[in-house]
>>> print(open('upload-v8.cif').read())   # mmCIF, C-alpha atoms
data_structure
#
loop_
_atom_site.label_atom_id
_atom_site.label_comp_id
_atom_site.auth_asym_id
_atom_site.auth_seq_id
_atom_site.Cartn_x
_atom_site.Cartn_y
_atom_site.Cartn_z
CA MET M 1 -0.42 1.33 13.21
CA GLN M 2 -3.93 2.57 13.86
CA GLN M 3 -6.83 3.10 11.51
CA HIS M 4 -6.92 6.42 9.66
CA PRO M 5 -8.16 7.65 6.30
CA ALA M 6 -4.80 8.17 4.69
CA LEU M 7 -3.39 6.11 1.86
CA VAL M 8 -1.31 3.10 2.35
CA LEU M 9 1.19 1.85 -0.08
CA ALA M 10 4.83 2.71 -0.35
CA ILE M 11 8.08 1.31 -1.42
CA LEU M 12 11.40 2.95 -0.59
CA SER M 13 14.69 1.50 -1.78
CA LEU M 14 16.28 -1.25 0.31
CA ALA M 15 19.39 0.83 0.72
CA ALA M 16 17.39 3.64 2.31
CA GLY M 17 15.74 1.20 4.67
CA ALA M 18 19.05 -0.37 5.64
CA ALA M 19 20.53 3.06 6.26
CA SER M 20 17.69 3.94 8.57
CA TYR M 21 18.20 0.73 10.52
CA ALA M 22 21.92 1.43 10.71
CA ALA M 23 21.15 4.73 12.39
CA THR M 24 19.63 2.77 15.27
CA GLY M 25 22.88 0.87 15.88
CA VAL M 26 21.15 -2.48 15.30
CA LYS M 27 22.97 -5.12 13.23
CA LEU M 28 20.61 -6.77 10.77
CA PRO M 29 20.62 -10.45 9.79
CA MET M 30 22.04 -11.09 6.32
CA HIS M 31 18.73 -12.19 4.75
CA ALA M 32 17.27 -8.74 5.41
CA ALA M 33 19.24 -7.42 2.43
CA ARG M 34 17.13 -9.18 -0.20
CA ALA M 35 15.66 -6.55 -2.54
CA PRO M 36 12.67 -6.76 -4.88
CA ALA M 37 13.43 -8.21 -8.29
CA ALA M 38 13.20 -4.98 -10.23
CA ALA M 39 13.92 -6.76 -13.50
CA MET M 40 10.56 -8.50 -13.23
CA VAL M 41 8.63 -5.29 -13.63
CA LEU M 42 7.07 -5.02 -17.06
CA ALA M 43 9.70 -7.37 -18.40
CA GLU M 44 7.50 -8.88 -21.10
CA PRO M 45 8.13 -7.59 -24.64
CA GLY M 46 6.08 -4.53 -25.46
CA THR M 47 4.99 -3.81 -21.89
CA THR M 48 7.60 -1.27 -20.86
CA PRO M 49 5.73 2.04 -20.42
CA ARG M 50 6.43 4.12 -23.52
CA SER M 51 2.98 5.64 -23.88
CA ALA M 52 -0.15 6.21 -21.85
CA GLN M 53 -1.89 2.88 -22.27
CA PRO M 54 1.09 0.61 -21.43
CA LEU M 55 1.76 2.74 -18.35
CA LEU M 56 -1.73 2.20 -16.96
CA GLU M 57 -1.89 -1.44 -18.02
CA GLY M 58 1.53 -2.18 -16.55
CA PHE M 59 0.63 -0.57 -13.27
CA LEU M 60 -2.69 -2.42 -12.94
CA LYS M 61 -1.01 -5.72 -13.77
CA HIS M 62 1.33 -5.45 -10.80
CA PHE M 63 -0.95 -3.70 -8.35
CA ASP M 64 -3.13 -6.78 -8.00
CA GLY M 65 -2.87 -9.74 -5.64
CA HIS M 66 -1.57 -10.59 -2.17
CA PHE M 67 1.33 -8.84 -0.43
CA ASP M 68 2.78 -9.63 3.02
CA ASN M 69 5.70 -8.40 5.18
CA HIS M 70 6.11 -11.68 7.08
CA GLU M 71 9.84 -11.85 6.26
CA GLN M 72 10.41 -8.29 7.47
CA VAL M 73 8.70 -9.04 10.78
CA ALA M 74 10.86 -12.14 11.22
CA THR M 75 13.92 -9.97 10.58
CA ASN M 76 12.70 -7.46 13.18
CA GLU M 77 12.30 -10.20 15.76
CA GLU M 78 15.79 -11.55 15.11
CA ALA M 79 17.16 -8.04 15.64
CA GLY M 80 15.15 -7.56 18.85
CA LEU M 81 12.89 -4.91 17.34
CA THR M 82 9.25 -4.68 18.40
CA PRO M 83 6.53 -2.68 16.60
CA ARG M 84 5.92 1.02 17.11
CA HIS M 85 8.36 2.63 19.55
CA GLY M 86 10.48 -0.52 19.48
CA GLY M 87 11.58 0.34 15.95
CA GLY M 88 9.98 -2.66 14.24
CA HIS M 89 6.87 -3.20 12.13
CA GLU M 90 3.43 -4.67 12.59
CA HIS M 91 2.70 -7.72 10.48
CA ILE M 92 0.57 -6.52 7.55
CA HIS M 93 -1.09 -8.54 4.79
CA CYS M 94 -2.68 -6.63 1.89
CA VAL M 95 -5.02 -7.95 -0.80
CA VAL M 96 -5.79 -5.84 -3.89
CA ARG M 97 -8.61 -7.04 -6.16
CA PRO M 98 -10.02 -5.40 -9.31
CA VAL M 99 -13.71 -4.48 -9.26
CA THR M 100 -16.27 -3.00 -11.64
CA VAL M 101 -17.93 0.32 -10.81
CA LEU M 102 -21.04 0.96 -12.90
CA GLY M 103 -21.31 4.46 -14.33
CA ALA M 104 -17.63 5.30 -13.75
CA ASP M 105 -15.71 7.41 -16.26
CA ALA M 106 -14.60 5.63 -19.39
CA GLY M 107 -10.97 4.58 -19.24
CA SER M 108 -10.85 4.40 -15.46
CA ALA M 109 -10.19 1.24 -13.45
CA HIS M 110 -10.99 0.28 -9.87
CA ALA M 111 -9.86 -2.04 -7.08
CA ILE M 112 -10.72 -2.83 -3.49
CA ALA M 113 -7.76 -3.10 -1.11
CA THR M 114 -8.15 -4.91 2.21
CA TYR M 115 -5.52 -4.77 4.95
CA TYR M 116 -5.08 -7.38 7.67
CA PHE M 117 -3.06 -7.63 10.87
CA ASN M 118 -0.80 -10.60 11.71
CA GLY M 119 -1.39 -12.54 8.50
CA ASP M 120 -4.86 -13.35 9.81
CA PRO M 121 -7.75 -13.34 7.27
CA SER M 122 -10.20 -12.54 10.09
CA SER M 123 -8.29 -9.48 11.34
CA VAL M 124 -9.22 -6.65 8.94
CA PHE M 125 -8.15 -3.15 9.95
CA ARG M 126 -8.76 -1.14 6.78
CA GLU M 127 -10.61 -1.34 3.47
CA ARG M 128 -10.46 1.15 0.63
CA LEU M 129 -11.80 1.53 -2.90
CA TYR M 130 -9.21 2.86 -5.36
CA THR M 131 -9.92 4.56 -8.68
CA PHE M 132 -7.17 4.71 -11.32
CA GLU M 133 -6.96 6.98 -14.34
CA MET M 134 -4.21 7.85 -16.78
CA LEU M 135 -3.01 11.45 -16.92
CA GLN M 136 -1.08 12.23 -20.09
CA ALA M 137 0.68 15.39 -18.92
CA ASP M 138 -0.01 16.27 -15.30
CA LYS M 139 1.41 19.70 -14.42
CA GLN M 140 3.40 18.25 -11.50
CA PHE M 141 4.11 14.62 -12.40
CA GLY M 142 3.88 14.44 -16.19
CA ALA M 143 2.63 11.11 -17.55
CA CYS M 144 1.28 9.25 -14.53
CA VAL M 145 -1.50 7.14 -13.05
CA ARG M 146 -3.68 8.97 -10.55
CA MET M 147 -5.05 6.83 -7.71
CA SER M 148 -7.99 8.33 -5.85
CA ILE M 149 -9.00 6.81 -2.52
CA TYR M 150 -12.49 6.19 -1.19
CA LYS M 151 -13.85 4.68 2.01
CA LEU M 152 -16.30 1.81 1.58
CA ARG M 153 -19.96 2.13 2.42
CA ASP M 154 -20.87 0.06 5.48
CA SER M 155 -23.09 -2.24 3.42
CA VAL M 156 -20.32 -2.89 0.89
CA SER M 157 -17.76 -3.51 3.61
CA ALA M 158 -20.06 -5.98 5.33
CA ARG M 159 -20.60 -7.88 2.11
CA VAL M 160 -16.89 -8.08 1.35
CA LEU M 161 -16.15 -9.39 4.83
CA ALA M 162 -19.02 -11.88 4.76
CA ASP M 163 -18.44 -13.26 1.27
CA GLY M 164 -14.71 -12.72 0.87
CA ASP M 165 -15.50 -11.91 -2.74
CA VAL M 166 -15.68 -8.63 -4.66
CA GLU M 167 -17.01 -9.89 -7.98
CA ASP M 168 -20.45 -8.56 -8.90
CA ILE M 169 -20.55 -6.65 -5.64
CA GLY M 170 -22.78 -3.97 -7.17
CA LEU M 171 -20.63 -0.85 -6.94
CA SER M 172 -21.80 2.31 -8.69
CA ALA M 173 -20.19 5.67 -9.29
CA ALA M 174 -23.20 7.50 -7.84
CA CYS M 175 -23.03 5.64 -4.52
CA ASP M 176 -19.43 4.56 -4.10
CA LEU M 177 -17.45 7.40 -5.69
CA SER M 178 -19.23 10.22 -3.88
CA ASP M 179 -17.50 13.25 -2.41
CA GLU M 180 -18.49 12.09 1.06
CA LEU M 181 -16.48 8.88 0.69
CA HIS M 182 -13.49 10.42 -1.08
CA VAL M 183 -10.41 10.95 1.11
CA PRO M 184 -9.60 14.59 0.28
CA GLU M 185 -6.14 15.63 -0.92
CA ALA M 186 -4.86 12.07 -0.57
CA ASP M 187 -4.68 11.13 -4.25
CA VAL M 188 -1.47 9.30 -5.17
CA PHE M 189 0.28 9.95 -8.49
CA TRP M 190 2.27 6.96 -9.77
CA ARG M 191 5.16 7.40 -12.23
CA TRP M 192 7.40 4.86 -13.93
CA ALA M 193 10.93 5.21 -12.54
CA GLY M 194 12.85 2.89 -14.85
CA GLU M 195 12.65 -0.20 -12.63
CA ARG M 196 9.55 0.41 -10.53
CA PHE M 197 6.52 2.64 -10.08
CA GLU M 198 6.82 5.47 -7.55
CA GLY M 199 3.84 7.24 -6.05
CA HIS M 200 3.54 10.59 -4.29
CA MET M 201 0.82 12.95 -3.11
CA ARG M 202 0.63 16.53 -4.36
CA THR M 203 2.21 17.75 -1.12
CA GLU M 204 4.70 16.25 1.32
CA GLY M 205 1.93 15.62 3.83
CA ILE M 206 -1.76 16.20 4.51
CA THR M 207 -3.58 16.97 7.75
CA ILE M 208 -6.44 14.72 8.80
CA VAL M 209 -8.46 14.28 12.00
CA SER M 210 -7.78 11.03 13.85
CA GLU M 211 -10.80 8.73 14.02
CA ARG M 212 -9.63 7.60 17.46
CA SER M 213 -8.38 10.68 19.27
CA GLY M 214 -10.10 13.47 17.34
CA ARG M 215 -6.75 15.26 17.11
CA GLU M 216 -5.20 16.55 13.90
CA ILE M 217 -2.49 14.32 12.42
CA ILE M 218 -0.01 15.09 9.66
CA VAL M 219 0.11 12.08 7.32
CA ARG M 220 2.99 11.34 4.96
CA ASP M 221 3.26 8.64 2.31
CA ASP M 222 5.93 7.58 -0.17
CA VAL M 223 5.07 4.66 -2.44
CA GLN M 224 6.83 2.40 -4.90
CA LEU M 225 5.73 -0.80 -6.63
CA TRP M 226 7.70 -3.65 -8.18
CA ALA M 227 6.29 -6.76 -9.83
CA ASP M 228 7.08 -8.77 -6.70
CA ALA M 229 6.87 -6.24 -3.88
CA LEU M 230 4.77 -3.47 -2.38
CA TRP M 231 6.46 -1.40 0.34
CA VAL M 232 4.25 0.94 2.38
CA ASN M 233 5.64 3.93 4.25
CA ASP M 234 2.46 5.37 5.71
CA ARG M 235 3.22 7.34 8.88
CA GLY M 236 1.61 10.03 10.99
CA HIS M 237 2.59 12.58 13.62
CA ASP M 238 0.54 14.82 15.88
CA ALA M 239 0.04 18.13 14.07
CA GLU M 240 0.46 20.19 17.25
CA THR M 241 3.21 18.38 19.15
CA GLY M 242 5.00 16.50 16.37
CA ASP M 243 4.80 13.31 18.42
CA TYR M 244 4.83 9.95 16.64
CA VAL M 245 1.34 8.47 16.17
CA TYR M 246 1.63 5.48 13.80
CA GLY M 247 3.78 3.83 11.15
CA ASN M 248 7.41 2.90 11.66
CA VAL M 249 9.07 5.23 14.17
CA HIS M 250 12.22 5.41 11.99
CA GLY M 251 10.31 5.98 8.75
CA ILE M 252 11.26 2.56 7.34
CA PRO M 253 8.57 1.26 4.96
CA TYR M 254 6.46 -1.83 5.49
CA LYS M 255 8.16 -4.16 3.00
CA MET M 256 5.45 -6.43 1.64
CA SER M 257 6.47 -9.11 -0.83
CA ARG M 258 4.09 -10.68 -3.32
CA VAL M 259 2.82 -13.98 -1.92
CA PRO M 260 0.41 -16.71 -3.11
CA ALA M 261 -3.29 -16.31 -2.39
CA ASP M 262 -3.12 -19.06 0.26
CA HIS M 263 -0.29 -17.38 2.20
CA TRP M 264 -1.90 -16.68 5.58
CA SER M 265 0.80 -17.17 8.20
CA ALA M 266 -1.66 -17.07 11.12
CA THR M 267 -3.25 -20.26 9.80
CA GLY M 268 0.05 -22.13 9.90
CA ARG M 269 0.97 -21.87 6.25
CA PRO M 270 4.69 -21.17 5.81
CA ALA M 271 6.18 -18.01 4.39
CA PRO M 272 7.61 -18.45 0.87
CA SER M 273 11.18 -18.18 2.19
CA ASP M 274 10.54 -21.07 4.59
CA SER M 275 9.81 -23.45 1.72
CA GLU M 276 12.52 -22.35 -0.69
#
>>> encode(input="upload-v8.cif", output="C-alpha cells")
Amino acid sequence: MQQHPALVLAILSLAAGAASYAATGVKLPMHAARAPAAAMVLAEPGTTPRSAQPLLEGFLKHFDGHFDNHEQVATNEEAGLTPRHGGGHEHIHCVVRPVTVLGADAGSAHAIATYYFNGDPSSVFRERLYTFEMLQADKQFGACVRMSIYKLRDSVSARVLADGDVEDIGLSAACDLSDELHVPEADVFWRWAGERFEGHMRTEGITIVSERSGREIIVRDDVQLWADALWVNDRGHDAETGDYVYGNVHGIPYKMSRVPADHWSATGRPAPSDSE
C-alpha cells in the first residue's frame, strides 16, 4: 500500500472476504472466521439511529480510537500469504481522534486519522483531517453522515508527530478546511445498515494522480464500521493499463479490530487475542 490522497476506511462482510480467499485456493485457519460483534453497535437504549442526531452521534461514538489488523496479518502468514501480489495484507494500525476546528459550520464534527505501518508508532504513512456532517435527505443516500477528507498542513502534521497529541492543536476552518487541502470527489457517505455503518463515495471510483509515479490511478473504496471493527478496502489500479497499484490484490479489506490505546505490536505488546 503506497501513499495516495484517497480515503481509507472500509468494512466488507466476513463472508465476502472468505469467499475471495477461497477463490485463491488457500485454506484459511479456523480463527480467521471471527466476525465483528455487530450486536455491540449502538446497543445502548435510545442510541439506535432513528433520527438525524442519533445517527451522527452513534457514528462518531464508534469512529474513534485505535484499530489494528494484527490478527489478519497473522492469519495471512499462517496461510503463506505475503502482502501485495502475494495476496496478503500490510500490517496497518489506525488512530482516529476528535479535534476542534475553529470557525467550522455549526453541527459539524472533526477528527484527525493517523495511519501506521507494522504496528509501529514511529512509522506514519498517512494523516488526514475528516469533517462530518449530518444530511437529512441526501438525493443518493438518504439520511447519512457525510465525511469530507482533507490533507494536513505541514505545520499541523509536524506538531501531531512531535507531540502525539491533537488537543488544542489550533485548527481553523479558514486554514485547514480550504479547497486546496480538500481531496476532491472523495467524500464518503455513511448510512446505518441495521447492524453496522456502511460508507460509499458518490461514484464507484475516482481518478487521482499518484504522488509517487505521476500516473493516473483509479481509486475505489467500500467502507463499513462496527463498534469493534473498522475494515478498510482502499485499492487502486492504473487508469490506463488496469494494473494493480495498491491495496489487497484480491479486493479483500484490511480488517482492523478495535484495540486498546497501548496496543502497539512492534513494541512487544501482545495482540488482544494472544492474551485472551
>>> resolve_selection(input="upload-v8.cif", expression="the PyMOL selection byres ((chain M and resi 162-165) around 12)", output="list of chain:residue names")
M:Val95, M:Val96, M:Arg97, M:Pro98, M:Val99, M:Ile112, M:Ala113, M:Thr114, M:Pro121, M:Ser122, M:Val124, M:Ser155, M:Val156, M:Ser157, M:Ala158, M:Arg159, M:Val160, M:Leu161, M:Val166, M:Glu167, M:Asp168, M:Ile169, M:Gly170
>>> atom_distance(input="upload-v8.cif", atom1="CA of Lys139 (chain M)", atom2="CA of Leu56 (chain M)")
18.0 Å
>>> closest_atom_pairs(input="upload-v8.cif", of="region 202-231 of chain M", to="region 248-252 of chain M", cutoff="10 Å", atoms="all atoms listed in the file", output="CSV")
residue,atom,partner,partner_atom,distance
M:Arg220,CA,M:Gly251,CA,9.8
M:Asp221,CA,M:Gly251,CA,9.9
M:Trp231,CA,M:Ile252,CA,9.4
>>> resolve_selection(input="upload-v8.cif", expression="the PyMOL selection byres ((chain M and resi 91) around 6)", output="list in words")
Glu90, Ile92, Phe117 and Asn118 of chain M
>>> axis_aligned_box(input="upload-v8.cif", around="region 68-85 of chain M", padding_each_side="6 Å", output="lines of an AutoDock Vina configuration file")
center_x = 10.0
center_y = -4.8
center_z = 11.3
size_x = 26.4
size_y = 26.8
size_z = 28.5
>>> closest_residue(input="upload-v8.cif", among="M:Val209, M:Asp228, M:Tyr254, M:Leu129", to="Glu240 (chain M)", atoms="all atoms listed in the file")
M:Val209
>>> atom_distance(input="upload-v8.cif", atom1="CA of Thr100 (chain M)", atom2="CA of Ser148 (chain M)")
15.2 Å
>>> build_atoms(input="upload-v8.cif", residues="region 111-131 of chain M", atoms="N, CA and C atoms", output="mmCIF file, keeping the file's coordinate frame")
data_model
loop_
_atom_site.group_PDB
_atom_site.id
_atom_site.type_symbol
_atom_site.label_atom_id
_atom_site.label_comp_id
_atom_site.auth_asym_id
_atom_site.auth_seq_id
_atom_site.Cartn_x
_atom_site.Cartn_y
_atom_site.Cartn_z
ATOM 1 N N ALA M 111 -10.249 -0.886 -7.882
ATOM 2 C CA ALA M 111 -9.860 -2.040 -7.080
ATOM 3 C C ALA M 111 -10.244 -1.803 -5.635
ATOM 4 N N ILE M 112 -10.503 -2.888 -4.932
ATOM 5 C CA ILE M 112 -10.720 -2.830 -3.490
ATOM 6 C C ILE M 112 -9.473 -3.395 -2.816
ATOM 7 N N ALA M 113 -8.930 -2.652 -1.874
ATOM 8 C CA ALA M 113 -7.760 -3.100 -1.110
ATOM 9 C C ALA M 113 -8.197 -3.365 0.330
ATOM 10 N N THR M 114 -7.838 -4.530 0.838
ATOM 11 C CA THR M 114 -8.150 -4.910 2.210
ATOM 12 C C THR M 114 -6.852 -5.181 2.940
ATOM 13 N N TYR M 115 -6.735 -4.657 4.155
ATOM 14 C CA TYR M 115 -5.520 -4.770 4.950
ATOM 15 C C TYR M 115 -5.802 -5.547 6.224
ATOM 16 N N TYR M 116 -4.900 -6.481 6.545
ATOM 17 C CA TYR M 116 -5.080 -7.380 7.670
ATOM 18 C C TYR M 116 -3.880 -7.306 8.615
ATOM 19 N N PHE M 117 -4.131 -7.512 9.902
ATOM 20 C CA PHE M 117 -3.060 -7.630 10.870
ATOM 21 C C PHE M 117 -2.646 -9.092 11.030
ATOM 22 N N ASN M 118 -1.338 -9.304 11.264
ATOM 23 C CA ASN M 118 -0.800 -10.600 11.710
ATOM 24 C C ASN M 118 -1.054 -11.752 10.753
ATOM 25 N N GLY M 119 -1.170 -11.464 9.466
ATOM 26 C CA GLY M 119 -1.390 -12.540 8.500
ATOM 27 C C GLY M 119 -2.632 -13.339 8.790
ATOM 28 N N ASP M 120 -3.635 -12.679 9.366
ATOM 29 C CA ASP M 120 -4.860 -13.350 9.810
ATOM 30 C C ASP M 120 -6.028 -12.883 8.949
ATOM 31 N N PRO M 121 -6.658 -13.763 8.161
ATOM 32 C CA PRO M 121 -7.750 -13.340 7.270
ATOM 33 C C PRO M 121 -8.998 -12.866 8.001
ATOM 34 N N SER M 122 -9.045 -13.025 9.325
ATOM 35 C CA SER M 122 -10.200 -12.540 10.090
ATOM 36 C C SER M 122 -9.913 -11.214 10.779
ATOM 37 N N SER M 123 -8.689 -10.691 10.617
ATOM 38 C CA SER M 123 -8.290 -9.480 11.340
ATOM 39 C C SER M 123 -8.127 -8.304 10.382
ATOM 40 N N VAL M 124 -9.242 -7.790 9.872
ATOM 41 C CA VAL M 124 -9.220 -6.650 8.940
ATOM 42 C C VAL M 124 -9.118 -5.342 9.717
ATOM 43 N N PHE M 125 -8.222 -4.452 9.284
ATOM 44 C CA PHE M 125 -8.150 -3.150 9.950
ATOM 45 C C PHE M 125 -8.388 -1.977 8.992
ATOM 46 N N ARG M 126 -8.431 -2.231 7.697
ATOM 47 C CA ARG M 126 -8.760 -1.140 6.780
ATOM 48 C C ARG M 126 -9.203 -1.700 5.443
ATOM 49 N N GLU M 127 -10.178 -1.025 4.833
ATOM 50 C CA GLU M 127 -10.610 -1.340 3.470
ATOM 51 C C GLU M 127 -10.768 -0.042 2.702
ATOM 52 N N ARG M 128 -10.349 -0.044 1.456
ATOM 53 C CA ARG M 128 -10.460 1.150 0.630
ATOM 54 C C ARG M 128 -10.820 0.751 -0.804
ATOM 55 N N LEU M 129 -11.512 1.648 -1.480
ATOM 56 C CA LEU M 129 -11.800 1.530 -2.900
ATOM 57 C C LEU M 129 -10.892 2.514 -3.625
ATOM 58 N N TYR M 130 -10.119 2.024 -4.592
ATOM 59 C CA TYR M 130 -9.210 2.860 -5.360
ATOM 60 C C TYR M 130 -9.744 3.045 -6.776
ATOM 61 N N THR M 131 -9.611 4.262 -7.287
ATOM 62 C CA THR M 131 -9.920 4.560 -8.680
ATOM 63 C C THR M 131 -8.643 4.984 -9.387
#
